[in-house]
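Structure below is coords.cif: mmCIF, C-alpha atoms and all ligand atoms.
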```cif
data_query
#
loop_
_atom_site.label_atom_id
_atom_site.label_comp_id
_atom_site.auth_asym_id
_atom_site.auth_seq_id
_atom_site.Cartn_x
_atom_site.Cartn_y
_atom_site.Cartn_z
CA MET A 1 21.52 -8.29 -3.89
CA PHE A 2 17.82 -9.01 -4.08
CA GLN A 3 15.16 -9.71 -6.64
CA ILE A 4 11.57 -8.49 -6.79
CA ARG A 5 8.80 -11.00 -7.40
CA SER A 6 5.12 -11.43 -6.64
CA GLU A 7 4.31 -12.99 -3.30
CA VAL A 8 3.11 -16.59 -3.24
CA PRO A 9 1.03 -18.32 -0.55
CA SER A 10 4.09 -20.03 0.96
CA ASP A 11 5.50 -16.54 1.79
CA GLY A 12 2.69 -15.98 4.30
CA ALA A 13 4.56 -16.77 7.53
CA ALA A 14 7.66 -14.82 6.45
CA ILE A 15 5.49 -11.80 5.57
CA GLU A 16 3.89 -11.86 9.03
CA THR A 17 7.34 -12.02 10.65
CA LEU A 18 8.64 -9.11 8.55
CA ASN A 19 5.60 -7.01 9.46
CA ASP A 20 5.90 -7.89 13.16
CA LEU A 21 9.57 -6.83 13.07
CA GLY A 22 8.67 -3.61 11.24
CA PHE A 23 5.59 -2.52 13.16
CA GLY A 24 5.35 -4.64 16.31
CA ALA A 25 2.81 -7.30 17.13
CA GLU A 26 0.25 -4.65 18.13
CA ARG A 27 0.16 -3.34 14.58
CA ARG A 28 -3.28 -4.84 13.91
CA GLY A 29 -4.83 -2.26 16.20
CA ARG A 30 -3.90 0.56 13.84
CA THR A 31 -6.62 2.31 11.86
CA VAL A 32 -5.33 1.07 8.48
CA TYR A 33 -6.08 -2.51 9.53
CA ARG A 34 -9.78 -1.65 9.46
CA LEU A 35 -9.28 -1.30 5.70
CA ARG A 36 -7.22 -4.44 5.16
CA LEU A 37 -9.99 -6.99 4.95
CA GLY A 38 -9.83 -10.17 2.93
CA ALA A 39 -6.87 -10.69 0.64
CA PRO A 40 -4.50 -8.07 -0.71
CA THR A 41 -4.97 -7.19 -4.36
CA LEU A 42 -1.24 -7.02 -5.02
CA GLY A 43 1.69 -8.40 -3.05
CA PHE A 44 5.41 -8.21 -3.76
CA ILE A 45 8.53 -9.61 -2.17
CA ALA A 46 12.16 -8.58 -2.33
CA ALA A 47 13.82 -11.97 -2.06
CA ASP A 48 17.32 -13.31 -1.60
CA PRO A 49 18.34 -14.31 -5.14
CA GLU A 50 19.87 -17.59 -3.98
CA SER A 51 17.56 -18.86 -1.24
CA ASP A 52 14.43 -17.01 -2.48
CA GLN A 53 13.77 -16.11 1.18
CA PRO A 54 11.68 -12.93 1.64
CA LEU A 55 13.78 -9.95 2.77
CA ALA A 56 11.05 -7.34 2.39
CA THR A 57 7.30 -7.25 1.75
CA LEU A 58 4.84 -4.79 0.23
CA ARG A 59 1.11 -5.32 -0.14
CA PHE A 60 -1.71 -3.25 -1.61
CA TRP A 61 -5.37 -3.55 -0.57
CA PRO A 62 -8.47 -2.45 -2.47
CA VAL A 63 -10.52 0.28 -0.83
CA MET A 64 -13.37 2.52 -1.87
CA ALA A 65 -12.99 6.29 -1.51
CA GLY A 66 -16.41 7.84 -1.22
CA LEU A 67 -19.21 5.89 -2.88
CA ASP A 68 -17.68 5.11 -6.20
CA ARG A 69 -13.92 5.63 -6.37
CA PRO A 70 -11.84 2.47 -6.19
CA ALA A 71 -8.35 3.05 -4.85
CA LEU A 72 -5.41 1.00 -3.70
CA LEU A 73 -4.12 1.31 -0.15
CA LEU A 74 -0.34 0.85 -0.09
CA GLY A 75 1.12 -1.08 2.82
CA PRO A 76 2.33 -2.61 4.91
CA LEU A 77 5.89 -2.13 3.66
CA ALA A 78 8.55 -3.77 5.81
CA VAL A 79 12.21 -4.57 5.25
CA LEU A 80 14.23 -7.02 7.34
CA PRO A 81 16.08 -4.83 9.89
CA GLU A 82 19.56 -5.92 8.77
CA ARG A 83 18.70 -5.20 5.12
CA ARG A 84 17.36 -1.66 5.58
CA GLY A 85 19.04 1.24 3.79
CA GLN A 86 19.94 -0.90 0.77
CA GLY A 87 17.19 0.17 -1.62
CA LEU A 88 14.79 -2.74 -1.05
CA GLY A 89 11.95 -0.49 0.06
CA ARG A 90 12.45 1.89 -2.85
CA ALA A 91 12.54 -1.00 -5.34
CA LEU A 92 9.34 -2.53 -3.95
CA VAL A 93 7.39 0.73 -3.91
CA GLY A 94 8.55 1.67 -7.42
CA HIS A 95 7.69 -1.76 -8.80
CA GLY A 96 4.36 -1.93 -7.00
CA LEU A 97 3.20 1.46 -8.21
CA THR A 98 4.15 0.57 -11.80
CA ILE A 99 2.15 -2.67 -11.68
CA ALA A 100 -0.79 -0.92 -10.03
CA ARG A 101 -0.86 1.68 -12.82
CA ASP A 102 -0.51 -1.00 -15.50
CA ARG A 103 -3.54 -2.78 -14.06
CA GLY A 104 -5.69 0.29 -14.35
CA TRP A 105 -5.80 1.56 -10.78
CA ARG A 106 -6.23 5.34 -10.78
CA LEU A 107 -5.57 6.29 -7.15
CA CYS A 108 -3.20 5.06 -4.47
CA LEU A 109 -3.50 5.99 -0.79
CA VAL A 110 -1.00 5.41 1.99
CA SER A 111 -0.88 6.07 5.72
CA GLY A 112 2.77 6.64 6.56
CA ASP A 113 5.69 8.98 7.00
CA PRO A 114 5.39 11.81 4.44
CA ASP A 115 9.19 12.13 4.29
CA TYR A 116 9.40 8.56 3.03
CA TYR A 117 6.53 8.67 0.52
CA ARG A 118 6.90 12.21 -0.89
CA PRO A 119 9.67 11.17 -3.34
CA TYR A 120 7.22 8.76 -4.99
CA GLY A 121 4.78 11.58 -5.71
CA PHE A 122 2.46 11.14 -2.73
CA GLU A 123 0.92 14.33 -1.35
CA PRO A 124 -1.36 15.11 1.62
CA ALA A 125 -4.78 13.54 1.07
CA GLY A 126 -6.72 15.71 3.54
CA PRO A 127 -7.04 18.72 1.22
CA TYR A 128 -8.73 16.46 -1.36
CA GLY A 129 -11.31 15.38 1.22
CA PHE A 130 -10.05 11.85 1.93
CA ALA A 131 -10.79 10.71 5.49
CA MET A 132 -9.82 7.50 7.27
CA PRO A 133 -12.27 5.44 9.39
CA GLY A 134 -10.42 6.19 12.64
CA PRO A 135 -7.53 8.15 14.13
CA ILE A 136 -4.22 8.42 12.30
CA THR A 137 -1.22 10.68 12.81
CA ALA A 138 -1.86 14.13 11.34
CA GLY A 139 -0.51 14.42 7.81
CA HIS A 140 0.12 10.70 7.39
CA LEU A 141 -2.74 10.02 4.98
CA GLN A 142 -1.38 10.67 1.51
CA VAL A 143 -2.56 10.11 -2.04
CA LYS A 144 -0.95 9.66 -5.43
CA ALA A 145 -2.67 9.83 -8.81
CA LEU A 146 -1.83 6.79 -10.92
CA ALA A 147 -3.80 8.21 -13.87
CA ALA A 148 -3.01 11.76 -14.91
CA ASP A 149 -6.47 13.18 -14.19
CA ALA A 150 -7.40 11.05 -11.16
CA LEU A 151 -7.07 13.87 -8.63
CA ASP A 152 -8.39 16.59 -10.95
CA SER A 153 -11.70 14.74 -11.27
CA LEU A 154 -12.42 14.51 -7.53
CA PRO A 155 -15.52 16.28 -6.25
CA ARG A 156 -14.61 19.62 -4.69
CA GLY A 157 -15.43 20.39 -1.08
CA GLY A 158 -16.78 16.94 -0.15
CA THR A 159 -15.55 14.18 2.14
CA LEU A 160 -14.26 10.98 0.58
CA ARG A 161 -14.57 8.44 3.36
CA VAL A 162 -12.14 5.59 2.78
CA LEU A 163 -13.90 2.26 3.29
CA PRO A 164 -12.78 -1.34 3.02
CA TRP A 165 -13.90 -2.78 -0.29
CA ARG A 166 -16.15 -5.37 1.37
CA GLY A 167 -17.76 -2.71 3.53
CA HIS A 168 -18.70 -0.67 0.51
CA ARG A 169 -22.45 -0.27 0.08
CA GLY A 170 -22.43 1.92 -2.99
CA SER A 171 -24.13 1.43 -6.32
CA ASP A 172 -21.28 -0.29 -8.15
CA ALA A 173 -23.06 -3.63 -8.41
CA ASP A 174 -20.14 -5.39 -10.08
CA GLY A 175 -17.51 -4.00 -7.71
CA ASP A 176 -16.48 -7.43 -6.47
CA ALA A 177 -16.02 -8.62 -10.03
CA VAL A 178 -13.75 -5.67 -10.71
CA VAL A 179 -11.55 -6.56 -7.75
CA THR A 180 -11.47 -10.24 -8.68
CA ARG A 181 -10.40 -9.39 -12.19
CA ARG A 182 -7.64 -7.17 -10.89
CA ARG A 183 -6.46 -9.43 -8.11
CA LEU A 184 -3.02 -10.80 -8.65
CA ARG A 185 -3.26 -14.56 -9.00
CA VAL A 186 -0.46 -16.13 -7.04
CA GLY A 187 0.69 -19.68 -6.64
C1 LIG A 201 10.88 2.43 6.13
C2 LIG A 201 11.50 1.21 5.42
C3 LIG A 201 10.41 0.45 4.67
C4 LIG A 201 12.52 1.75 4.41
O1 LIG A 201 13.01 0.68 3.64
P1 LIG A 201 14.53 0.67 3.16
O2 LIG A 201 14.70 -0.47 2.23
O3 LIG A 201 15.40 0.73 4.36
O4 LIG A 201 14.61 2.05 2.36
P2 LIG A 201 15.48 2.36 1.08
O5 LIG A 201 16.88 1.81 1.30
O6 LIG A 201 14.79 1.87 -0.13
O7 LIG A 201 15.53 3.94 1.14
C5 LIG A 201 14.85 4.74 0.19
C6 LIG A 201 14.95 6.17 0.63
O8 LIG A 201 14.12 6.36 1.79
C7 LIG A 201 14.88 6.95 2.83
N1 LIG A 201 14.36 6.41 4.09
C8 LIG A 201 14.57 5.20 4.60
N2 LIG A 201 13.88 5.04 5.75
C9 LIG A 201 13.22 6.22 5.95
C10 LIG A 201 12.34 6.68 6.95
N3 LIG A 201 11.99 5.90 8.00
N4 LIG A 201 11.85 7.93 6.82
C11 LIG A 201 12.19 8.71 5.79
N5 LIG A 201 13.00 8.32 4.79
C12 LIG A 201 13.53 7.09 4.89
C13 LIG A 201 16.29 6.54 2.55
O9 LIG A 201 17.21 7.42 3.13
C14 LIG A 201 16.34 6.59 1.05
O10 LIG A 201 16.52 7.94 0.62
P3 LIG A 201 17.46 8.30 -0.63
O11 LIG A 201 16.75 7.77 -1.83
O12 LIG A 201 17.51 9.79 -0.59
O13 LIG A 201 18.76 7.62 -0.37
C15 LIG A 201 12.24 0.26 6.42
O14 LIG A 201 13.14 1.03 7.19
C16 LIG A 201 11.32 -0.48 7.36
O15 LIG A 201 10.94 -1.62 7.08
N6 LIG A 201 10.96 0.16 8.51
C17 LIG A 201 10.04 -0.45 9.47
C18 LIG A 201 8.61 -0.49 8.93
C19 LIG A 201 8.18 0.86 8.39
O16 LIG A 201 8.35 1.88 9.04
N7 LIG A 201 7.57 0.83 7.17
C20 LIG A 201 7.18 2.03 6.44
C21 LIG A 201 5.99 2.69 7.00
S1 LIG A 201 5.90 4.42 6.56
#
```

Entire entry expressed as structure tokens:
Amino acid sequence: MFQIRSEVPSDGAAIETLNDLGFGAERRGRTVYRLRLGAPTLGFIAADPESDQPLATLRFWPVMAGLDRPALLLGPLAVLPERRGQGLGRALVGHGLTIARDRGWRLCLVSGDPDYYRPYGFEPAGPYGFAMPGPITAGHLQVKALAADALDSLPRGGTLRVLPWRGHRGSDADGDAVVTRRRLRVG
């Protein structure tokens, strides 16, 4: 049994522990961490229904694809080792994508195992031109349209460099305000 809820500031230490268990302490050296600056836009917990202790964590970070396409970066997703294979990951990803869509996000990117993310509708991002700011395992960068036409409207034949939101130097002068408005208020 578990229940899904938004993360709150007091979950912080438990989230770090879950991610260390899932990815190892050296995880911050991975390319995706170059994109996880500041605070996550969305964060969800699968919690023990009695103790409310976090059993699994999923966060989403705002990024900019190319000069002017806001997107969410899914991850990290980590489930307590002894609670894996019980649907917690599936419940968190399904819930998170629904909330992201409800809040108006049009694109979601993830760097992860295609076998795990394909069932949620993710597909290889390379053919659309998306490129990460560093090395990642071939085929691991994937994208999912949260709005029906989000992938149809991408420029053809270009490169959409994925940048952290704060590193974005494009022309969207009110970009920070957009993120603030969309950021999940917790606590
Ligand atoms: C990967 C992880 C998040 C899966 O969470 P989970 O709660 O055990 O997964 P679920 O029980 O919700 O399984 C959902 C589906 O994914 C499949 N699955 C689970 N782990 C998988 C993996 N590593 N690769 C591919 N598919 C996987 C399950 O078989 C299940 O398939 P089904 O719907 O056909 O039965 C969890 O094992 C974990 O925390 N691993 C360490 C960190 C990690 O690798 N995070 C993901 C980065 S890609």

| Which value, in Å to one decimal, gives the distance between atom O4 of ligand LIG 201 (chain A) and CA of Arg27 in chain A? |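 Computed distance, atom O4 of ligand LIG 201 (chain A) to CA of Arg27 in chain A, equals 19.7 Å.
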
Would you pick out the contacts of Asp102 in chain A at 12 Å or less, using only C-alpha atoms, so that residues sharing its chain but fewer than 5 positions from it are not included, and give the list as a PDB file with C-alpha atoms, keeping the file's coordinate frame?
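Everything below was put into part05.pdb:
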```
ATOM      1  CA  HIS A  95       7.690  -1.760  -8.800  1.00  0.00           C
ATOM      2  CA  GLY A  96       4.360  -1.930  -7.000  1.00  0.00           C
ATOM      3  CA  LEU A  97       3.200   1.460  -8.210  1.00  0.00           C
ATOM      4  CA  LEU A 146      -1.830   6.790 -10.920  1.00  0.00           C
ATOM      5  CA  ALA A 147      -3.800   8.210 -13.870  1.00  0.00           C
ATOM      6  CA  ARG A 182      -7.640  -7.170 -10.890  1.00  0.00           C
TER       7      ARG A 182
END
```

| field | Surrounding residues of range 41-50 of chain A excluding itself and chain neighbours under 2 positions, 6 Å, all atoms listed in the file, as a count of residues only | value | 18

What are the closest atom pairs, with distances in Å to one decimal, for all residues of chain A lying within 6 Å of ligand LIG 201 (chain A)? Consider only C-alpha atoms and all ligand atoms, order rows by chain and residue number, and present the result as CSV.
```
residue,atom,partner,partner_atom,distance
A:Gly22,CA,A:LIG201,C17,3.9
A:Phe23,CA,A:LIG201,C18,5.6
A:Leu77,CA,A:LIG201,N7,4.9
A:Ala78,CA,A:LIG201,O15,3.5
A:Val79,CA,A:LIG201,O15,3.7
A:Arg84,CA,A:LIG201,O3,3.3
A:Gly85,CA,A:LIG201,O5,3.3
A:Gln86,CA,A:LIG201,O5,4.1
A:Gly87,CA,A:LIG201,O6,3.3
A:Leu88,CA,A:LIG201,O2,4.0
A:Gly89,CA,A:LIG201,O2,3.5
A:Arg90,CA,A:LIG201,O6,3.6
A:Gly112,CA,A:LIG201,S1,3.8
A:Asp113,CA,A:LIG201,S1,4.6
A:Asp115,CA,A:LIG201,C11,4.8
A:Tyr116,CA,A:LIG201,C11,3.9
```

Taking only residues of range 33-98 of chain A that have an atom at most 12 Å from an atom of range 153-163 of chain A, what is each one's shortest atom pair and its distance in Å to one decimal, using only C-alpha atoms, in chain and number order, as JSON lines?
```
{"residue": "A:Tyr33", "atom": "CA", "partner": "A:Leu163", "partner_atom": "CA", "distance": 11.1}
{"residue": "A:Arg34", "atom": "CA", "partner": "A:Leu163", "partner_atom": "CA", "distance": 8.4}
{"residue": "A:Leu35", "atom": "CA", "partner": "A:Leu163", "partner_atom": "CA", "distance": 6.3}
{"residue": "A:Arg36", "atom": "CA", "partner": "A:Leu163", "partner_atom": "CA", "distance": 9.6}
{"residue": "A:Leu37", "atom": "CA", "partner": "A:Leu163", "partner_atom": "CA", "distance": 10.2}
{"residue": "A:Trp61", "atom": "CA", "partner": "A:Leu163", "partner_atom": "CA", "distance": 11.0}
{"residue": "A:Pro62", "atom": "CA", "partner": "A:Leu163", "partner_atom": "CA", "distance": 9.2}
{"residue": "A:Val63", "atom": "CA", "partner": "A:Leu163", "partner_atom": "CA", "distance": 5.7}
{"residue": "A:Met64", "atom": "CA", "partner": "A:Leu163", "partner_atom": "CA", "distance": 5.2}
{"residue": "A:Ala65", "atom": "CA", "partner": "A:Val162", "partner_atom": "CA", "distance": 4.4}
{"residue": "A:Gly66", "atom": "CA", "partner": "A:Leu160", "partner_atom": "CA", "distance": 4.2}
{"residue": "A:Leu67", "atom": "CA", "partner": "A:Leu160", "partner_atom": "CA", "distance": 7.9}
{"residue": "A:Asp68", "atom": "CA", "partner": "A:Leu160", "partner_atom": "CA", "distance": 9.6}
{"residue": "A:Arg69", "atom": "CA", "partner": "A:Leu160", "partner_atom": "CA", "distance": 8.8}
{"residue": "A:Pro70", "atom": "CA", "partner": "A:Val162", "partner_atom": "CA", "distance": 9.5}
{"residue": "A:Ala71", "atom": "CA", "partner": "A:Val162", "partner_atom": "CA", "distance": 8.9}
{"residue": "A:Leu72", "atom": "CA", "partner": "A:Val162", "partner_atom": "CA", "distance": 10.4}
{"residue": "A:Leu73", "atom": "CA", "partner": "A:Val162", "partner_atom": "CA", "distance": 9.6}
```

| Looking at A:Thr31, A:Gln142, A:Thr17, A:Ser51, which one is nearest to Met1 in chain A, with distances taken over all atoms listed in the file? |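 Going through A:Thr31, A:Gln142, A:Thr17, A:Ser51 one by one, the smallest distance to Met1 in chain A is for A:Ser51.
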
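Take CA of Pro124 in chain A and CA of Glu16 in chain A: the distance between them is 28.5 Å.
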
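The space separating CA of Arg106 in chain A from CA of Lys144 in chain A comes to 8.7 Å.
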
| query | Using all atoms listed in the file, which residue out of A:Gly94, A:Glu82, A:Asp152, A:Val110 lies closest to His140 in chain A? | reply |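 That would be A:Val110, the residue with the smallest distance to His140 in chain A.
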
| Which of these residues is nearest to Gly38 in chain A, using all atoms listed in the file: A:Pro119, A:Pro135, A:Pro114, A:Pro164? |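 Result for the nearest residue to Gly38 in chain A: A:Pro164.
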